file start33.txt (compact mmCIF, C-alpha atoms and all ligand atoms)
# COMPACT_ATOMS: atom_id res chain seq x y z
CA MET D 624 0.00 0.00 0.00
CA HIS D 625 1.16 3.48 -0.86
CA GLU D 626 0.75 5.00 2.60
CA VAL D 627 2.51 2.06 4.26
CA ASP D 628 5.58 2.62 2.07
CA MET D 629 5.42 6.34 2.81
CA THR D 630 5.32 5.57 6.52
CA LYS D 631 8.35 3.30 6.21
CA CYS D 632 10.26 6.09 4.49
CA LEU D 633 9.23 8.52 7.20
CA LEU D 634 10.36 6.15 9.94
CA LEU D 635 13.71 5.70 8.19
CA SER D 636 14.15 9.47 8.06
CA MET D 637 13.14 9.83 11.69
CA ASN D 638 15.54 7.09 12.79
CA GLN D 639 18.39 8.82 10.97
CA TRP D 640 17.38 12.06 12.62
CA LYS D 641 17.39 10.35 16.01
CA GLN D 642 21.00 9.24 15.47
CA GLN D 643 22.06 12.89 15.38
CA HIS D 644 21.03 13.21 19.02
CA ALA D 645 22.51 9.92 20.26
CA PRO D 646 22.80 8.79 22.96
CA VAL D 647 19.88 11.00 23.98
CA ILE D 648 16.56 9.90 22.51
CA PRO D 649 14.43 12.90 21.58
CA THR D 650 10.85 12.97 22.77
CA VAL D 651 8.84 13.85 19.69
CA GLN D 652 5.49 15.57 20.07
CA ARG D 653 4.74 16.35 16.45
CA VAL D 654 6.14 15.70 13.02
CA HIS D 655 5.11 18.33 10.49
CA LEU D 656 4.89 16.85 7.04
CA GLN D 657 4.36 18.60 3.74
CA VAL D 658 2.45 16.50 1.27
CA GLY D 659 1.83 17.64 -2.27
CA ALA D 660 -1.62 17.16 -3.78
CA PHE D 661 -0.02 15.27 -6.66
CA THR D 662 1.55 12.55 -4.51
CA CYS D 663 -1.77 10.72 -4.33
CA VAL D 664 -1.32 10.34 -0.58
CA GLU D 665 -4.51 10.23 1.44
CA PRO D 666 -3.63 12.32 4.55
CA ASP D 667 -6.10 10.53 6.85
CA GLN D 668 -4.76 7.17 5.73
CA LEU D 669 -1.18 8.28 6.26
CA VAL D 670 -1.95 9.56 9.77
CA PHE D 671 -3.58 6.22 10.55
CA THR D 672 -0.69 4.04 9.28
CA TRP D 673 1.77 6.32 11.06
CA GLY D 674 -0.10 5.93 14.34
CA VAL D 675 -0.07 2.14 14.05
CA ALA D 676 3.60 2.03 13.03
CA VAL D 677 4.93 4.18 15.87
CA GLN D 678 2.80 2.96 18.77
CA ASP D 679 5.44 0.53 20.08
CA SER D 680 8.49 2.54 19.08
CA TRP D 681 10.45 5.48 20.46
CA LEU D 682 8.05 7.66 18.45
CA ALA D 683 4.99 6.46 20.36
CA GLY D 684 2.58 9.34 20.85
CA ALA D 685 4.20 11.47 18.20
CA GLN D 686 1.52 13.14 16.14
CA LEU D 687 1.79 13.42 12.38
CA VAL D 688 0.62 16.84 11.21
CA ILE D 689 0.06 17.03 7.48
CA GLU D 690 0.18 20.23 5.52
CA SER D 691 -1.22 19.74 2.04
CA LEU D 692 0.46 21.65 -0.74
CA PRO D 693 -1.68 22.39 -3.80
CA LEU D 694 -0.74 21.31 -7.26
CA VAL D 695 0.77 24.20 -9.19
CA GLY D 696 1.76 23.97 -12.82
CA ARG D 697 3.63 26.33 -15.07
CA CYS D 698 2.31 27.25 -18.43
CA LEU D 699 5.06 26.85 -21.01
CA GLN D 700 3.38 29.31 -23.32
CA CYS D 701 3.18 32.39 -21.05
CA ASN D 702 5.30 31.20 -18.11
CA GLY D 703 2.42 31.82 -15.71
CA THR D 704 1.50 29.45 -12.93
CA TYR D 705 -1.91 27.90 -12.53
CA ALA D 706 -3.83 25.32 -10.56
CA PRO D 707 -4.28 22.33 -12.86
CA SER D 708 -7.52 20.45 -12.52
CA SER D 709 -8.33 16.97 -13.68
CA ALA D 710 -11.59 18.32 -15.15
CA ALA D 711 -9.52 20.42 -17.57
CA ALA D 712 -7.13 17.52 -18.22
CA TYR D 713 -4.51 19.59 -16.32
CA ARG D 714 -4.26 22.02 -19.23
CA SER D 715 -3.47 25.66 -18.51
CA PRO D 716 -6.58 27.91 -18.46
CA CYS D 717 -4.61 30.82 -19.89
CA CYS D 718 -3.20 29.28 -23.07
CA ASP D 719 -4.70 25.80 -23.08
CA GLN D 720 -1.31 24.16 -22.88
CA PRO D 721 -0.78 20.64 -21.55
CA LEU D 722 0.74 20.30 -18.10
CA GLU D 723 4.47 19.79 -18.57
CA GLU D 724 6.06 21.47 -15.61
CA ILE D 725 4.93 20.94 -12.04
CA VAL D 726 6.08 23.76 -9.77
CA SER D 727 4.65 22.32 -6.59
CA GLY D 728 2.50 19.39 -5.59
CA ARG D 729 4.90 16.44 -5.56
CA GLU D 730 6.46 17.18 -2.17
CA LEU D 731 6.69 14.67 0.58
CA ARG D 732 9.04 16.05 3.15
CA ILE D 733 9.38 16.56 6.85
CA ARG D 734 9.20 20.30 7.37
CA SER D 735 9.88 20.34 11.09
CA VAL D 736 9.80 18.24 14.22
CA ASP D 737 8.51 19.38 17.60
CA TYR D 738 10.60 17.63 20.23
CA THR D 739 12.32 17.88 23.57
CA LEU D 740 15.75 16.57 24.42
CA ALA D 741 16.24 15.06 27.84
CA THR D 742 17.76 12.05 29.46
CA THR D 743 15.41 9.62 31.17
CA THR D 744 16.24 11.00 34.62
CA ALA D 745 16.23 14.72 33.79
CA PRO D 746 12.50 15.39 33.32
CA PRO D 747 11.46 14.36 36.88
CA ALA D 748 14.39 16.36 38.29
CA THR D 749 13.44 19.58 36.50
CA LEU D 750 9.80 18.99 37.31
CA SER D 751 10.41 18.69 41.04
CA ALA D 752 12.76 21.67 40.93
CA GLN D 753 10.04 23.75 39.29
CA ALA D 754 7.49 22.50 41.79
CA HIS D 755 9.73 23.60 44.64
CA ALA D 756 10.41 26.96 43.10
CA SER D 757 6.75 27.73 42.47
CA ALA D 758 5.66 26.60 45.95
CA PRO D 759 5.32 29.34 48.59
CA ASP D 760 7.50 27.33 51.01
CA PRO D 761 11.04 28.56 50.08
CA ALA D 762 10.48 31.75 52.08
CA GLN D 763 9.56 29.83 55.22
CA PRO D 764 12.64 27.55 55.67
CA LEU D 765 14.70 30.66 56.49
CA PRO D 766 13.60 31.01 60.12
CA TYR D 767 14.01 27.27 60.70
CA PRO D 768 17.83 27.02 60.72
CA ALA D 769 17.79 29.44 63.64
CA SER D 770 15.51 27.45 65.93
CA PRO D 771 17.27 24.05 65.56
CA THR D 772 20.62 25.64 66.47
CA THR D 773 19.16 27.40 69.46
CA SER D 774 17.42 24.26 70.69
CA LEU D 775 20.72 22.42 70.10
CA ALA D 776 22.57 25.00 72.15
CA ALA D 777 19.89 24.72 74.82
CA ALA D 778 20.37 20.95 74.84
CA HIS D 779 24.12 21.46 75.26
CA ALA D 780 23.65 23.91 78.06
CA ALA D 781 21.29 21.59 79.88
ZN ZN C 801 -0.41 30.47 -20.37
call {"tool": "encode", "arguments": {"input": "start33.txt", "output": "structure tokens", "more": "lines below"}}
Ligand SMILES: [Zn+2]
result
Amino acid sequence: MHEVDMTKCLLLSMNQWKQQHAPVIPTVQRVHLQVGAFTCVEPDQLVFTWGVAVQDSWLAGAQLVIESLPLVGRCLQCNGTYAPSSAAAYRSPCCDQPLEEIVSGRELRIRSVDYTLATTTAPPATLSAQAHASAPDPAQPLPYPASPTTSLAAAHAA
């Protein structure tokens, strides 16, 4: 199936991309993909096959976001661009020329990846640090060092 092959290619690309960050494994939230209208890829189908393919991999939970790019042809007669339609047999509406040059519409590329880089231990550490910082408590511990020392001194004196 077309979309299955596309997904395999995407996974290959993503695995190569992952190697760039080794040994850290990036946590991917979203993969932004540009898909031309002339690639005959069904976006919904691609999102589905992607979801199945990544569910047990390091990309589990990564969302595939597809941006469709329209088919744009160039008219060889007047050099203008136009949106070819199958109803017009892809001929240019300006000069009635056959479609010979496709400017855009055959893309299938990863435009960007939303991800975070962290080791497996780092996220909990930063989380707890943030939780401590945002809590109102840090102001209160200040008086405490004073009382334990005084009680300690009192214990010594006694
Ligand atoms: Zn033309």
call {"tool": "residues_near_ligand", "arguments": {"input": "start33.txt", "ligand": "ligand ZN 801 (chain C)", "cutoff": "9 Å", "atoms": "all atoms listed in the file", "output": "ChimeraX atom specification"}}
result
/D:697-705,715-720
call {"tool": "residues_around", "arguments": {"input": "start33.txt", "residues": "Phe661 (chain D)", "least_positions_apart": "2", "cutoff": "10 Å", "atoms": "all atoms listed in the file", "output": "compact mmCIF listing (two decimals) with C-alpha atoms, in the coordinates of the input"}}
result
# COMPACT_ATOMS: atom_id res chain seq x y z
CA VAL D 658 2.45 16.50 1.27
CA GLY D 659 1.83 17.64 -2.27
CA CYS D 663 -1.77 10.72 -4.33
CA VAL D 664 -1.32 10.34 -0.58
CA SER D 691 -1.22 19.74 2.04
CA LEU D 692 0.46 21.65 -0.74
CA PRO D 693 -1.68 22.39 -3.80
CA LEU D 694 -0.74 21.31 -7.26
CA VAL D 695 0.77 24.20 -9.19
CA ILE D 725 4.93 20.94 -12.04
CA SER D 727 4.65 22.32 -6.59
CA GLY D 728 2.50 19.39 -5.59
CA ARG D 729 4.90 16.44 -5.56
CA GLU D 730 6.46 17.18 -2.17
CA LEU D 731 6.69 14.67 0.58
call {"tool": "closest_residue", "arguments": {"input": "start33.txt", "among": "D:Val677, D:Leu740, D:Ala711, D:Thr672", "to": "Met637 (chain D)", "atoms": "only C-alpha atoms"}}
result
D:Val677
call {"tool": "closest_residue", "arguments": {"input": "start33.txt", "among": "D:His655, D:Arg714, D:His644, D:Arg732", "to": "Met629 (chain D)", "atoms": "all atoms listed in the file"}}
result
D:Arg732
call {"tool": "atom_distance", "arguments": {"input": "start33.txt", "atom1": "CA of Val726 (chain D)", "atom2": "CA of Gly696 (chain D)"}}
result
5.3 Å
call {"tool": "atom_distance", "arguments": {"input": "start33.txt", "atom1": "CA of Val651 (chain D)", "atom2": "CA of Leu682 (chain D)"}}
result
6.4 Å
call {"tool": "closest_residue", "arguments": {"input": "start33.txt", "among": "D:Ile689, D:Val627, D:Val654, D:Ala741", "to": "Trp640 (chain D)", "atoms": "only C-alpha atoms"}}
result
D:Val654
call {"tool": "atom_distance", "arguments": {"input": "start33.txt", "atom1": "CA of Leu669 (chain D)", "atom2": "CA of Thr630 (chain D)"}}
result
7.0 Å
call {"tool": "closest_residue", "arguments": {"input": "start33.txt", "among": "D:His625, D:Asp667, D:Gln643, D:Val688", "to": "Arg734 (chain D)", "atoms": "all atoms listed in the file"}}
result
D:Val688
call {"tool": "closest_residue", "arguments": {"input": "start33.txt", "among": "D:Leu635, D:Ala706, D:Val675, D:Ala645", "to": "Ala660 (chain D)", "atoms": "only C-alpha atoms"}}
result
D:Ala706
call {"tool": "closest_residue", "arguments": {"input": "start33.txt", "among": "D:Ala710, D:Ser636, D:Thr739, D:Phe671", "to": "Gln686 (chain D)", "atoms": "only C-alpha atoms"}}
result
D:Phe671
call {"tool": "build_atoms", "arguments": {"input": "start33.txt", "residues": "region 689-723 of chain D", "atoms": "N, CA and C atoms", "output": "mmCIF file, keeping the file's coordinate frame"}}
result
data_model
loop_
_atom_site.group_PDB
_atom_site.id
_atom_site.type_symbol
_atom_site.label_atom_id
_atom_site.label_comp_id
_atom_site.auth_asym_id
_atom_site.auth_seq_id
_atom_site.Cartn_x
_atom_site.Cartn_y
_atom_site.Cartn_z
ATOM 1 N N ILE D 689 -0.128 16.951 8.925
ATOM 2 C CA ILE D 689 0.060 17.030 7.480
ATOM 3 C C ILE D 689 -0.407 18.360 6.919
ATOM 4 N N GLU D 690 0.512 18.987 6.220
ATOM 5 C CA GLU D 690 0.180 20.230 5.520
ATOM 6 C C GLU D 690 0.108 19.892 4.032
ATOM 7 N N SER D 691 -1.050 20.062 3.458
ATOM 8 C CA SER D 691 -1.220 19.740 2.040
ATOM 9 C C SER D 691 -0.782 20.916 1.174
ATOM 10 N N LEU D 692 0.026 20.608 0.186
ATOM 11 C CA LEU D 692 0.460 21.650 -0.740
ATOM 12 C C LEU D 692 -0.295 21.448 -2.056
ATOM 13 N N PRO D 693 -0.880 22.520 -2.583
ATOM 14 C CA PRO D 693 -1.680 22.390 -3.800
ATOM 15 C C PRO D 693 -0.807 22.112 -5.012
ATOM 16 N N LEU D 694 -1.433 21.549 -5.993
ATOM 17 C CA LEU D 694 -0.740 21.310 -7.260
ATOM 18 C C LEU D 694 -0.660 22.632 -8.029
ATOM 19 N N VAL D 695 0.550 22.973 -8.419
ATOM 20 C CA VAL D 695 0.770 24.200 -9.190
ATOM 21 C C VAL D 695 1.577 23.845 -10.428
ATOM 22 N N GLY D 696 1.048 24.227 -11.569
ATOM 23 C CA GLY D 696 1.760 23.970 -12.820
ATOM 24 C C GLY D 696 2.212 25.272 -13.451
ATOM 25 N N ARG D 697 3.192 25.154 -14.339
ATOM 26 C CA ARG D 697 3.630 26.330 -15.070
ATOM 27 C C ARG D 697 3.265 26.181 -16.535
ATOM 28 N N CYS D 698 2.688 27.244 -17.026
ATOM 29 C CA CYS D 698 2.310 27.250 -18.430
ATOM 30 C C CYS D 698 3.533 27.565 -19.278
ATOM 31 N N LEU D 699 3.849 26.669 -20.214
ATOM 32 C CA LEU D 699 5.060 26.850 -21.010
ATOM 33 C C LEU D 699 4.894 27.937 -22.066
ATOM 34 N N GLN D 700 3.651 28.295 -22.302
ATOM 35 C CA GLN D 700 3.380 29.310 -23.320
ATOM 36 C C GLN D 700 3.655 30.721 -22.778
ATOM 37 N N CYS D 701 3.066 31.036 -21.592
ATOM 38 C CA CYS D 701 3.180 32.390 -21.050
ATOM 39 C C CYS D 701 3.993 32.435 -19.763
ATOM 40 N N ASN D 702 4.469 31.294 -19.300
ATOM 41 C CA ASN D 702 5.300 31.200 -18.110
ATOM 42 C C ASN D 702 4.534 31.498 -16.812
ATOM 43 N N GLY D 703 3.225 31.589 -16.904
ATOM 44 C CA GLY D 703 2.420 31.820 -15.710
ATOM 45 C C GLY D 703 2.167 30.521 -14.967
ATOM 46 N N THR D 704 1.841 30.647 -13.695
ATOM 47 C CA THR D 704 1.500 29.450 -12.930
ATOM 48 C C THR D 704 -0.004 29.342 -12.799
ATOM 49 N N TYR D 705 -0.476 28.110 -12.640
ATOM 50 C CA TYR D 705 -1.910 27.900 -12.530
ATOM 51 C C TYR D 705 -2.178 26.637 -11.732
ATOM 52 N N ALA D 706 -3.426 26.492 -11.317
ATOM 53 C CA ALA D 706 -3.830 25.320 -10.560
ATOM 54 C C ALA D 706 -4.479 24.322 -11.517
ATOM 55 N N PRO D 707 -3.731 23.300 -11.911
ATOM 56 C CA PRO D 707 -4.280 22.330 -12.860
ATOM 57 C C PRO D 707 -5.429 21.542 -12.242
ATOM 58 N N SER D 708 -6.416 21.264 -13.006
ATOM 59 C CA SER D 708 -7.520 20.450 -12.520
ATOM 60 C C SER D 708 -7.717 19.269 -13.475
ATOM 61 N N SER D 709 -8.132 18.164 -12.863
ATOM 62 C CA SER D 709 -8.330 16.970 -13.680
ATOM 63 C C SER D 709 -9.479 17.177 -14.659
ATOM 64 N N ALA D 710 -10.449 18.045 -14.278
ATOM 65 C CA ALA D 710 -11.590 18.320 -15.150
ATOM 66 C C ALA D 710 -11.141 18.961 -16.461
ATOM 67 N N ALA D 711 -10.038 19.767 -16.367
ATOM 68 C CA ALA D 711 -9.520 20.420 -17.570
ATOM 69 C C ALA D 711 -8.355 19.639 -18.158
ATOM 70 N N ALA D 712 -8.222 18.366 -17.751
ATOM 71 C CA ALA D 712 -7.130 17.520 -18.220
ATOM 72 C C ALA D 712 -5.772 18.150 -17.900
ATOM 73 N N TYR D 713 -5.729 18.928 -16.808
ATOM 74 C CA TYR D 713 -4.510 19.590 -16.320
ATOM 75 C C TYR D 713 -3.943 20.617 -17.290
ATOM 76 N N ARG D 714 -4.742 21.028 -18.264
ATOM 77 C CA ARG D 714 -4.260 22.020 -19.230
ATOM 78 C C ARG D 714 -4.347 23.412 -18.627
ATOM 79 N N SER D 715 -3.478 24.319 -19.068
ATOM 80 C CA SER D 715 -3.470 25.660 -18.510
ATOM 81 C C SER D 715 -4.706 26.436 -18.992
ATOM 82 N N PRO D 716 -5.372 27.150 -18.083
ATOM 83 C CA PRO D 716 -6.580 27.910 -18.460
ATOM 84 C C PRO D 716 -6.246 29.153 -19.284
ATOM 85 N N CYS D 717 -4.976 29.605 -19.173
ATOM 86 C CA CYS D 717 -4.610 30.820 -19.890
ATOM 87 C C CYS D 717 -4.368 30.562 -21.377
ATOM 88 N N CYS D 718 -3.598 29.525 -21.682
ATOM 89 C CA CYS D 718 -3.200 29.280 -23.070
ATOM 90 C C CYS D 718 -3.592 27.891 -23.562
ATOM 91 N N ASP D 719 -4.283 27.150 -22.713
ATOM 92 C CA ASP D 719 -4.700 25.800 -23.080
ATOM 93 C C ASP D 719 -3.517 24.919 -23.471
ATOM 94 N N GLN D 720 -2.490 24.988 -22.661
ATOM 95 C CA GLN D 720 -1.310 24.160 -22.880
ATOM 96 C C GLN D 720 -1.369 22.933 -21.971
ATOM 97 N N PRO D 721 -0.819 21.804 -22.437
ATOM 98 C CA PRO D 721 -0.780 20.640 -21.550
ATOM 99 C C PRO D 721 0.184 20.854 -20.389
ATOM 100 N N LEU D 722 -0.115 20.165 -19.281
ATOM 101 C CA LEU D 722 0.740 20.300 -18.100
ATOM 102 C C LEU D 722 2.076 19.610 -18.348
ATOM 103 N N GLU D 723 3.149 20.381 -18.357
ATOM 104 C CA GLU D 723 4.470 19.790 -18.570
ATOM 105 C C GLU D 723 5.420 20.084 -17.444
#
